[in-house]
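Undergrad: File follows, final18.txt with compact mmCIF, N, CA and C atoms:
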```txt
# COMPACT_ATOMS: atom_id res chain seq x y z
N MET E 1489 5.41 -1.79 -2.59
CA MET E 1489 4.73 -2.68 -1.71
C MET E 1489 5.21 -4.10 -1.89
N ALA E 1490 5.95 -4.39 -2.89
CA ALA E 1490 6.43 -5.74 -3.07
C ALA E 1490 7.93 -5.75 -3.07
N ALA E 1491 8.48 -6.91 -2.83
CA ALA E 1491 9.91 -7.05 -2.72
C ALA E 1491 10.48 -7.63 -3.98
N CYS E 1492 10.50 -6.88 -5.00
CA CYS E 1492 11.11 -7.34 -6.23
C CYS E 1492 12.61 -7.39 -6.02
N SER E 1493 13.22 -8.37 -6.59
CA SER E 1493 14.67 -8.49 -6.47
C SER E 1493 15.33 -7.65 -7.53
N SER E 1494 15.17 -6.34 -7.41
CA SER E 1494 15.68 -5.45 -8.43
C SER E 1494 17.06 -4.93 -8.09
N GLY E 1495 17.62 -5.39 -6.98
CA GLY E 1495 18.95 -4.95 -6.58
C GLY E 1495 18.91 -3.52 -6.13
N GLY E 1496 20.03 -2.93 -5.87
CA GLY E 1496 20.17 -1.52 -5.52
C GLY E 1496 19.20 -1.04 -4.47
N ALA E 1497 19.68 -0.27 -3.55
CA ALA E 1497 18.83 0.26 -2.51
C ALA E 1497 18.08 1.47 -3.04
N ALA E 1498 16.84 1.56 -2.68
CA ALA E 1498 16.03 2.70 -3.07
C ALA E 1498 16.11 3.74 -1.97
N SER E 1499 16.06 5.00 -2.36
CA SER E 1499 16.07 6.03 -1.33
C SER E 1499 14.70 6.09 -0.69
N THR E 1500 14.69 6.47 0.56
CA THR E 1500 13.45 6.53 1.31
C THR E 1500 13.06 7.98 1.52
N PRO E 1501 11.95 8.41 0.91
CA PRO E 1501 11.53 9.79 1.14
C PRO E 1501 11.01 9.94 2.55
N SER E 1502 11.20 11.10 3.12
CA SER E 1502 10.68 11.37 4.46
C SER E 1502 9.20 11.59 4.35
N PRO E 1503 8.43 10.84 5.13
CA PRO E 1503 6.99 11.05 5.05
C PRO E 1503 6.61 12.35 5.73
N ALA E 1504 5.54 12.96 5.23
CA ALA E 1504 5.01 14.14 5.89
C ALA E 1504 4.44 13.71 7.22
N PRO E 1505 4.45 14.58 8.21
CA PRO E 1505 3.85 14.20 9.49
C PRO E 1505 2.41 13.79 9.26
N THR E 1506 2.03 12.70 9.88
CA THR E 1506 0.67 12.22 9.71
C THR E 1506 -0.07 12.32 11.03
N PRO E 1507 -1.28 12.83 10.97
CA PRO E 1507 -2.05 12.93 12.20
C PRO E 1507 -2.40 11.55 12.70
N THR E 1508 -2.43 11.39 13.98
CA THR E 1508 -2.84 10.12 14.55
C THR E 1508 -4.24 10.27 15.07
N SER E 1509 -4.95 9.19 15.03
CA SER E 1509 -6.33 9.22 15.47
C SER E 1509 -6.43 8.65 16.87
N SER E 1510 -7.00 9.42 17.78
CA SER E 1510 -7.20 8.91 19.12
C SER E 1510 -8.63 8.42 19.29
N SER E 1511 -9.39 8.49 18.22
CA SER E 1511 -10.78 8.07 18.26
C SER E 1511 -10.87 6.55 18.14
N SER E 1512 -11.80 5.97 18.84
CA SER E 1512 -11.97 4.53 18.74
C SER E 1512 -13.24 4.19 17.97
N THR E 1513 -13.75 5.14 17.21
CA THR E 1513 -14.96 4.88 16.44
C THR E 1513 -14.63 3.98 15.26
N THR E 1514 -15.64 3.31 14.77
CA THR E 1514 -15.44 2.42 13.63
C THR E 1514 -16.14 2.93 12.39
N THR E 1515 -16.59 4.16 12.41
CA THR E 1515 -17.23 4.72 11.23
C THR E 1515 -16.18 5.19 10.25
N THR E 1516 -16.57 5.28 9.00
CA THR E 1516 -15.65 5.81 7.99
C THR E 1516 -15.98 7.26 7.75
N SER E 1517 -14.98 7.99 7.30
CA SER E 1517 -15.22 9.39 6.96
C SER E 1517 -15.30 9.50 5.45
N SER E 1518 -15.98 10.52 4.98
CA SER E 1518 -16.12 10.73 3.56
C SER E 1518 -15.19 11.85 3.15
N THR E 1519 -14.42 11.63 2.09
CA THR E 1519 -13.46 12.60 1.61
C THR E 1519 -13.68 12.81 0.13
N THR E 1520 -13.55 14.03 -0.31
CA THR E 1520 -13.64 14.33 -1.73
C THR E 1520 -12.23 14.39 -2.29
N THR E 1521 -11.95 13.59 -3.31
CA THR E 1521 -10.63 13.54 -3.92
C THR E 1521 -10.45 14.71 -4.87
N SER E 1522 -9.23 14.89 -5.35
CA SER E 1522 -8.93 16.00 -6.25
C SER E 1522 -9.74 15.90 -7.54
N GLY E 1523 -10.18 14.70 -7.91
CA GLY E 1523 -11.00 14.53 -9.10
C GLY E 1523 -12.48 14.75 -8.83
N GLY E 1524 -12.82 15.18 -7.60
CA GLY E 1524 -14.21 15.45 -7.26
C GLY E 1524 -14.97 14.21 -6.82
N MET E 1525 -14.28 13.07 -6.72
CA MET E 1525 -14.92 11.82 -6.35
C MET E 1525 -15.09 11.76 -4.83
N ASN E 1526 -16.23 11.31 -4.36
CA ASN E 1526 -16.48 11.17 -2.95
C ASN E 1526 -16.14 9.75 -2.54
N MET E 1527 -15.25 9.59 -1.56
CA MET E 1527 -14.78 8.27 -1.18
C MET E 1527 -14.86 8.12 0.34
N SER E 1528 -15.31 6.96 0.80
CA SER E 1528 -15.31 6.68 2.23
C SER E 1528 -13.92 6.23 2.63
N MET E 1529 -13.40 6.84 3.67
CA MET E 1529 -12.06 6.52 4.14
C MET E 1529 -12.16 5.82 5.49
N PRO E 1530 -11.26 4.89 5.76
CA PRO E 1530 -11.25 4.23 7.06
C PRO E 1530 -10.96 5.25 8.17
N PRO E 1531 -11.35 4.96 9.39
CA PRO E 1531 -11.08 5.86 10.50
C PRO E 1531 -9.59 6.15 10.61
N GLY E 1532 -9.25 7.42 10.80
CA GLY E 1532 -7.86 7.81 10.98
C GLY E 1532 -7.08 8.02 9.70
N VAL E 1533 -7.65 7.64 8.56
CA VAL E 1533 -6.96 7.81 7.28
C VAL E 1533 -7.33 9.17 6.71
N THR E 1534 -6.31 9.92 6.32
CA THR E 1534 -6.52 11.26 5.78
C THR E 1534 -6.00 11.33 4.35
N MET E 1535 -6.43 12.36 3.63
CA MET E 1535 -5.92 12.56 2.28
C MET E 1535 -4.43 12.89 2.30
N ALA E 1536 -3.93 13.48 3.38
CA ALA E 1536 -2.49 13.72 3.51
C ALA E 1536 -1.73 12.40 3.55
N MET E 1537 -2.29 11.40 4.23
CA MET E 1537 -1.66 10.07 4.25
C MET E 1537 -1.66 9.46 2.86
N VAL E 1538 -2.79 9.59 2.15
CA VAL E 1538 -2.91 9.05 0.80
C VAL E 1538 -1.86 9.69 -0.11
N SER E 1539 -1.71 11.00 -0.01
CA SER E 1539 -0.74 11.72 -0.84
C SER E 1539 0.69 11.28 -0.54
N THR E 1540 1.01 11.16 0.74
CA THR E 1540 2.34 10.70 1.13
C THR E 1540 2.55 9.26 0.67
N GLY E 1541 1.53 8.43 0.84
CA GLY E 1541 1.63 7.03 0.41
C GLY E 1541 1.84 6.90 -1.08
N ASP E 1542 1.19 7.76 -1.86
CA ASP E 1542 1.37 7.79 -3.31
C ASP E 1542 2.84 8.08 -3.63
N SER E 1543 3.41 9.07 -2.96
CA SER E 1543 4.82 9.43 -3.19
C SER E 1543 5.75 8.27 -2.84
N ILE E 1544 5.49 7.63 -1.71
CA ILE E 1544 6.33 6.50 -1.29
C ILE E 1544 6.18 5.35 -2.27
N PHE E 1545 4.94 5.02 -2.65
CA PHE E 1545 4.67 3.92 -3.59
C PHE E 1545 5.49 4.10 -4.86
N HIS E 1546 5.53 5.33 -5.38
CA HIS E 1546 6.21 5.59 -6.64
C HIS E 1546 7.72 5.79 -6.49
N ALA E 1547 8.19 6.06 -5.27
CA ALA E 1547 9.62 6.24 -5.04
C ALA E 1547 10.31 4.93 -4.64
N ARG E 1548 9.55 3.97 -4.19
CA ARG E 1548 10.10 2.71 -3.70
C ARG E 1548 9.81 1.58 -4.68
N ASN E 1549 10.10 0.36 -4.25
CA ASN E 1549 9.93 -0.82 -5.10
C ASN E 1549 8.47 -1.17 -5.39
N CYS E 1550 7.53 -0.56 -4.71
CA CYS E 1550 6.11 -0.89 -4.90
C CYS E 1550 5.75 -0.85 -6.39
N LYS E 1551 6.12 0.23 -7.05
CA LYS E 1551 5.78 0.43 -8.46
C LYS E 1551 6.48 -0.59 -9.35
N ASN E 1552 7.63 -1.08 -8.95
CA ASN E 1552 8.36 -2.05 -9.77
C ASN E 1552 7.61 -3.37 -9.89
N CYS E 1553 6.97 -3.78 -8.84
CA CYS E 1553 6.26 -5.07 -8.85
C CYS E 1553 4.77 -4.94 -9.15
N HIS E 1554 4.15 -3.85 -8.69
CA HIS E 1554 2.71 -3.67 -8.87
C HIS E 1554 2.37 -2.74 -10.01
N GLY E 1555 3.37 -2.22 -10.69
CA GLY E 1555 3.16 -1.30 -11.80
C GLY E 1555 2.99 0.12 -11.32
N PRO E 1556 3.39 1.09 -12.13
CA PRO E 1556 3.29 2.49 -11.72
C PRO E 1556 1.85 2.95 -11.49
N ASP E 1557 0.90 2.25 -12.09
CA ASP E 1557 -0.51 2.59 -11.91
C ASP E 1557 -1.20 1.65 -10.93
N GLY E 1558 -0.42 0.71 -10.33
CA GLY E 1558 -0.99 -0.23 -9.37
C GLY E 1558 -1.80 -1.34 -10.00
N LYS E 1559 -1.81 -1.43 -11.35
CA LYS E 1559 -2.64 -2.42 -12.05
C LYS E 1559 -1.95 -3.76 -12.22
N GLY E 1560 -0.84 -3.95 -11.52
CA GLY E 1560 -0.15 -5.23 -11.57
C GLY E 1560 0.98 -5.23 -12.58
N ALA E 1561 1.92 -6.11 -12.37
CA ALA E 1561 3.06 -6.27 -13.26
C ALA E 1561 3.54 -7.71 -13.10
N GLN E 1562 4.65 -8.02 -13.72
CA GLN E 1562 5.14 -9.39 -13.72
C GLN E 1562 5.29 -9.96 -12.30
N ASN E 1563 5.72 -9.15 -11.36
CA ASN E 1563 6.02 -9.68 -10.03
C ASN E 1563 5.02 -9.32 -8.94
N GLY E 1564 3.95 -8.64 -9.27
CA GLY E 1564 2.98 -8.27 -8.25
C GLY E 1564 1.59 -8.13 -8.82
N PRO E 1565 0.58 -8.48 -8.04
CA PRO E 1565 -0.80 -8.45 -8.53
C PRO E 1565 -1.38 -7.04 -8.64
N ASP E 1566 -2.48 -6.95 -9.34
CA ASP E 1566 -3.26 -5.73 -9.51
C ASP E 1566 -3.80 -5.29 -8.15
N LEU E 1567 -3.59 -4.03 -7.82
CA LEU E 1567 -4.09 -3.47 -6.56
C LEU E 1567 -5.32 -2.61 -6.76
N THR E 1568 -5.79 -2.50 -8.01
CA THR E 1568 -6.90 -1.60 -8.32
C THR E 1568 -8.24 -2.30 -8.49
N SER E 1569 -8.23 -3.60 -8.70
CA SER E 1569 -9.46 -4.32 -9.04
C SER E 1569 -10.38 -4.57 -7.85
N GLY E 1570 -9.81 -4.56 -6.65
CA GLY E 1570 -10.60 -4.91 -5.47
C GLY E 1570 -10.65 -6.40 -5.22
N ASN E 1571 -10.00 -7.18 -6.09
CA ASN E 1571 -9.93 -8.63 -5.92
C ASN E 1571 -8.58 -9.00 -5.33
N PHE E 1572 -8.53 -9.17 -4.02
CA PHE E 1572 -7.29 -9.49 -3.34
C PHE E 1572 -7.24 -10.98 -3.02
N MET E 1573 -6.11 -11.61 -3.27
CA MET E 1573 -5.98 -13.05 -3.04
C MET E 1573 -5.60 -13.39 -1.60
N HIS E 1574 -4.82 -12.53 -0.97
CA HIS E 1574 -4.28 -12.85 0.35
C HIS E 1574 -4.96 -12.13 1.50
N ILE E 1575 -5.76 -11.10 1.18
CA ILE E 1575 -6.40 -10.29 2.20
C ILE E 1575 -7.81 -9.92 1.75
N SER E 1576 -8.56 -9.29 2.66
CA SER E 1576 -9.92 -8.87 2.34
C SER E 1576 -9.96 -7.56 1.56
N GLY E 1577 -8.89 -6.77 1.64
CA GLY E 1577 -8.87 -5.46 0.99
C GLY E 1577 -9.19 -4.33 1.95
N SER E 1578 -9.41 -4.66 3.22
CA SER E 1578 -9.64 -3.61 4.22
C SER E 1578 -8.32 -2.87 4.46
N TYR E 1579 -8.43 -1.66 4.96
CA TYR E 1579 -7.24 -0.87 5.26
C TYR E 1579 -6.34 -1.63 6.24
N ASP E 1580 -6.92 -2.19 7.30
CA ASP E 1580 -6.12 -2.91 8.29
C ASP E 1580 -5.40 -4.11 7.67
N ASP E 1581 -6.07 -4.83 6.76
CA ASP E 1581 -5.43 -5.96 6.09
C ASP E 1581 -4.29 -5.50 5.18
N ILE E 1582 -4.46 -4.35 4.53
CA ILE E 1582 -3.40 -3.83 3.67
C ILE E 1582 -2.20 -3.46 4.52
N VAL E 1583 -2.44 -2.81 5.67
CA VAL E 1583 -1.34 -2.50 6.59
C VAL E 1583 -0.63 -3.79 7.00
N LYS E 1584 -1.41 -4.80 7.35
CA LYS E 1584 -0.83 -6.07 7.82
C LYS E 1584 0.03 -6.74 6.74
N ILE E 1585 -0.45 -6.80 5.50
CA ILE E 1585 0.30 -7.50 4.47
C ILE E 1585 1.57 -6.74 4.09
N ILE E 1586 1.53 -5.41 4.14
CA ILE E 1586 2.75 -4.65 3.88
C ILE E 1586 3.73 -4.90 5.02
N THR E 1587 3.23 -4.97 6.23
CA THR E 1587 4.08 -5.18 7.41
C THR E 1587 4.71 -6.58 7.41
N THR E 1588 3.90 -7.60 7.14
CA THR E 1588 4.39 -8.99 7.25
C THR E 1588 4.95 -9.54 5.94
N GLY E 1589 4.52 -8.97 4.80
CA GLY E 1589 4.96 -9.48 3.51
C GLY E 1589 4.22 -10.74 3.12
N VAL E 1590 4.65 -11.34 2.01
CA VAL E 1590 4.08 -12.59 1.53
C VAL E 1590 5.25 -13.50 1.14
N PRO E 1591 5.49 -14.55 1.92
CA PRO E 1591 6.57 -15.47 1.58
C PRO E 1591 6.28 -16.16 0.24
N ALA E 1592 7.32 -16.50 -0.49
CA ALA E 1592 7.16 -17.16 -1.80
C ALA E 1592 6.29 -18.41 -1.69
N SER E 1593 6.42 -19.14 -0.59
CA SER E 1593 5.66 -20.39 -0.41
C SER E 1593 4.16 -20.14 -0.24
N GLU E 1594 3.75 -18.89 0.03
CA GLU E 1594 2.34 -18.58 0.24
C GLU E 1594 1.70 -17.82 -0.92
N ILE E 1595 2.46 -17.55 -1.96
CA ILE E 1595 1.92 -16.83 -3.11
C ILE E 1595 0.88 -17.71 -3.80
N LYS E 1596 -0.32 -17.17 -4.00
CA LYS E 1596 -1.43 -17.95 -4.56
C LYS E 1596 -1.51 -17.89 -6.08
N ASP E 1597 -0.87 -16.91 -6.69
CA ASP E 1597 -0.89 -16.78 -8.15
C ASP E 1597 0.49 -17.14 -8.68
N PRO E 1598 0.62 -18.28 -9.37
CA PRO E 1598 1.94 -18.71 -9.84
C PRO E 1598 2.59 -17.76 -10.84
N ALA E 1599 1.83 -16.81 -11.38
CA ALA E 1599 2.42 -15.83 -12.30
C ALA E 1599 3.33 -14.86 -11.55
N HIS E 1600 3.14 -14.76 -10.25
CA HIS E 1600 3.97 -13.87 -9.43
C HIS E 1600 4.88 -14.73 -8.57
N ARG E 1601 6.16 -14.78 -8.92
CA ARG E 1601 7.06 -15.73 -8.30
C ARG E 1601 7.88 -15.19 -7.14
N PHE E 1602 7.98 -13.88 -7.00
CA PHE E 1602 8.86 -13.34 -5.98
C PHE E 1602 8.10 -12.98 -4.71
N ALA E 1603 8.70 -13.30 -3.58
CA ALA E 1603 8.11 -12.96 -2.29
C ALA E 1603 8.06 -11.46 -2.11
N MET E 1604 7.11 -11.02 -1.31
CA MET E 1604 7.09 -9.64 -0.87
C MET E 1604 7.67 -9.65 0.54
N ARG E 1605 8.82 -9.02 0.68
CA ARG E 1605 9.48 -9.01 1.99
C ARG E 1605 8.69 -8.15 2.98
N PRO E 1606 8.82 -8.47 4.27
CA PRO E 1606 8.16 -7.65 5.29
C PRO E 1606 8.62 -6.20 5.22
N GLY E 1607 7.75 -5.31 5.64
CA GLY E 1607 8.10 -3.89 5.68
C GLY E 1607 8.03 -3.22 4.32
N GLY E 1608 7.28 -3.80 3.40
CA GLY E 1608 7.11 -3.18 2.10
C GLY E 1608 8.15 -3.58 1.08
N GLY E 1609 9.03 -4.49 1.44
CA GLY E 1609 9.98 -5.02 0.47
C GLY E 1609 11.18 -4.16 0.19
N GLY E 1610 11.26 -3.01 0.76
CA GLY E 1610 12.40 -2.14 0.48
C GLY E 1610 13.59 -2.41 1.36
N ASN E 1611 14.66 -1.77 1.03
CA ASN E 1611 15.85 -1.84 1.84
C ASN E 1611 16.35 -0.41 2.01
N PRO E 1612 16.12 0.20 3.14
CA PRO E 1612 15.56 -0.35 4.37
C PRO E 1612 14.03 -0.49 4.29
N PRO E 1613 13.48 -1.32 5.19
CA PRO E 1613 12.02 -1.46 5.22
C PRO E 1613 11.34 -0.14 5.55
N LEU E 1614 10.09 -0.05 5.18
CA LEU E 1614 9.30 1.14 5.50
C LEU E 1614 9.09 1.23 7.01
N THR E 1615 8.97 2.45 7.50
CA THR E 1615 8.62 2.66 8.91
C THR E 1615 7.14 2.38 9.09
N SER E 1616 6.68 2.30 10.32
CA SER E 1616 5.26 2.07 10.60
C SER E 1616 4.40 3.17 9.99
N ASP E 1617 4.83 4.43 10.11
CA ASP E 1617 4.06 5.53 9.52
C ASP E 1617 4.03 5.42 8.00
N GLN E 1618 5.16 5.08 7.39
CA GLN E 1618 5.20 4.93 5.93
C GLN E 1618 4.30 3.79 5.48
N ILE E 1619 4.28 2.69 6.23
CA ILE E 1619 3.40 1.56 5.90
C ILE E 1619 1.95 2.01 5.93
N ARG E 1620 1.56 2.75 6.96
CA ARG E 1620 0.17 3.23 7.05
C ARG E 1620 -0.16 4.17 5.89
N ASP E 1621 0.82 5.01 5.50
CA ASP E 1621 0.59 5.92 4.37
C ASP E 1621 0.44 5.16 3.06
N VAL E 1622 1.32 4.20 2.81
CA VAL E 1622 1.21 3.41 1.58
C VAL E 1622 -0.10 2.62 1.58
N ALA E 1623 -0.47 2.07 2.73
CA ALA E 1623 -1.73 1.34 2.83
C ALA E 1623 -2.91 2.26 2.51
N ALA E 1624 -2.84 3.50 2.96
CA ALA E 1624 -3.92 4.46 2.66
C ALA E 1624 -4.01 4.68 1.16
N TYR E 1625 -2.88 4.83 0.50
CA TYR E 1625 -2.87 5.02 -0.96
C TYR E 1625 -3.41 3.77 -1.66
N VAL E 1626 -2.93 2.59 -1.29
CA VAL E 1626 -3.39 1.35 -1.92
C VAL E 1626 -4.89 1.17 -1.69
N TYR E 1627 -5.37 1.51 -0.51
CA TYR E 1627 -6.80 1.41 -0.22
C TYR E 1627 -7.59 2.24 -1.23
N THR E 1628 -7.13 3.45 -1.53
CA THR E 1628 -7.87 4.30 -2.47
C THR E 1628 -7.85 3.75 -3.89
N LEU E 1629 -6.81 2.99 -4.22
CA LEU E 1629 -6.74 2.41 -5.58
C LEU E 1629 -7.89 1.44 -5.83
N SER E 1630 -8.30 0.73 -4.80
CA SER E 1630 -9.31 -0.31 -4.98
C SER E 1630 -10.68 0.06 -4.42
N HIS E 1631 -10.81 1.21 -3.82
CA HIS E 1631 -12.07 1.64 -3.23
C HIS E 1631 -12.51 2.98 -3.78
N HIS E 1632 -12.60 3.08 -5.08
CA HIS E 1632 -12.94 4.35 -5.71
C HIS E 1632 -14.39 4.45 -6.05
```
Kindly present the structure from the file in structure tokens form.
TA:
Amino acid sequence: MAACSSGGAASTPSPAPTPTSSSSTTTTSSTTTSGGMNMSMPPGVTMAMVSTGDSIFHARNCKNCHGPDGKGAQNGPDLTSGNFMHISGSYDDIVKIITTGVPASEIKDPAHRFAMRPGGGGNPPLTSDQIRDVAAYVYTLSHH
């Protein structure tokens, strides 16, 4: 999810097909995770998206900057605490920040010096479906 300047291109795993939601409701759905935890999910977000997003997060640069457990690292903030500096933490905001990135001039925590490039920071950037999948995974990290 972040654009660490780690060099080398990362391979992009093919995301599993993700169902699209044609519903315009604003209610959340409740999903039981593999650990038996009951979690409210944003409309249109499925556990298949979360699983695919987990795979992408760990296969791409996301883990390099945010840590393999999402608890933060030298170049990216903690994604598990629910305390977001640049967004509210909603699923839509997570999608937006992955899509637009965070320019170095807008980073609010001086401990994190590298910009997050648009499209998830990878080369090549994530597709729209991959961004939604990673956002679904990141959402679950902070909404447990």
Undergrad: Which residues, protein or nucleic acid, reach to within 6 Å of (2.1, -1.6, 7.4) in the file's coordinates when using all atoms listed in the file, and can you give that as a list in words?
TA: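 With a cut-off of 6 Å, the residues come to Ile1582, Val1583, Lys1584, Ile1586, Thr1587, Ser1616, Ile1619 and Arg1620 of chain E.
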Undergrad: Identify which of the residues E:Gly1577, E:Lys1551, E:Ser1630, E:Gly1609 lies closest to Val1590 in chain E, counting only C-alpha atoms when measuring atom-to-atom distances.
TA: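 The closest residue to Val1590 in chain E is E:Gly1609.
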Undergrad: Which distance in Å separates atom C of Arg1601 in chain E and CA of His1554 in chain E, to one decimal?
TA: 12.7 Å
Undergrad: Between CA of Asp1542 in chain E and CA of His1600 in chain E, measure the distance and give it in Å to one decimal.
TA: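 Between these atoms lies a distance of 22.7 Å.
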Undergrad: Calculate how many Å separate atom N of Lys1596 in chain E from atom C of Gly1610 in chain E, rounding to one decimal.
TA: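 Interatomic distance here is 21.0 Å.
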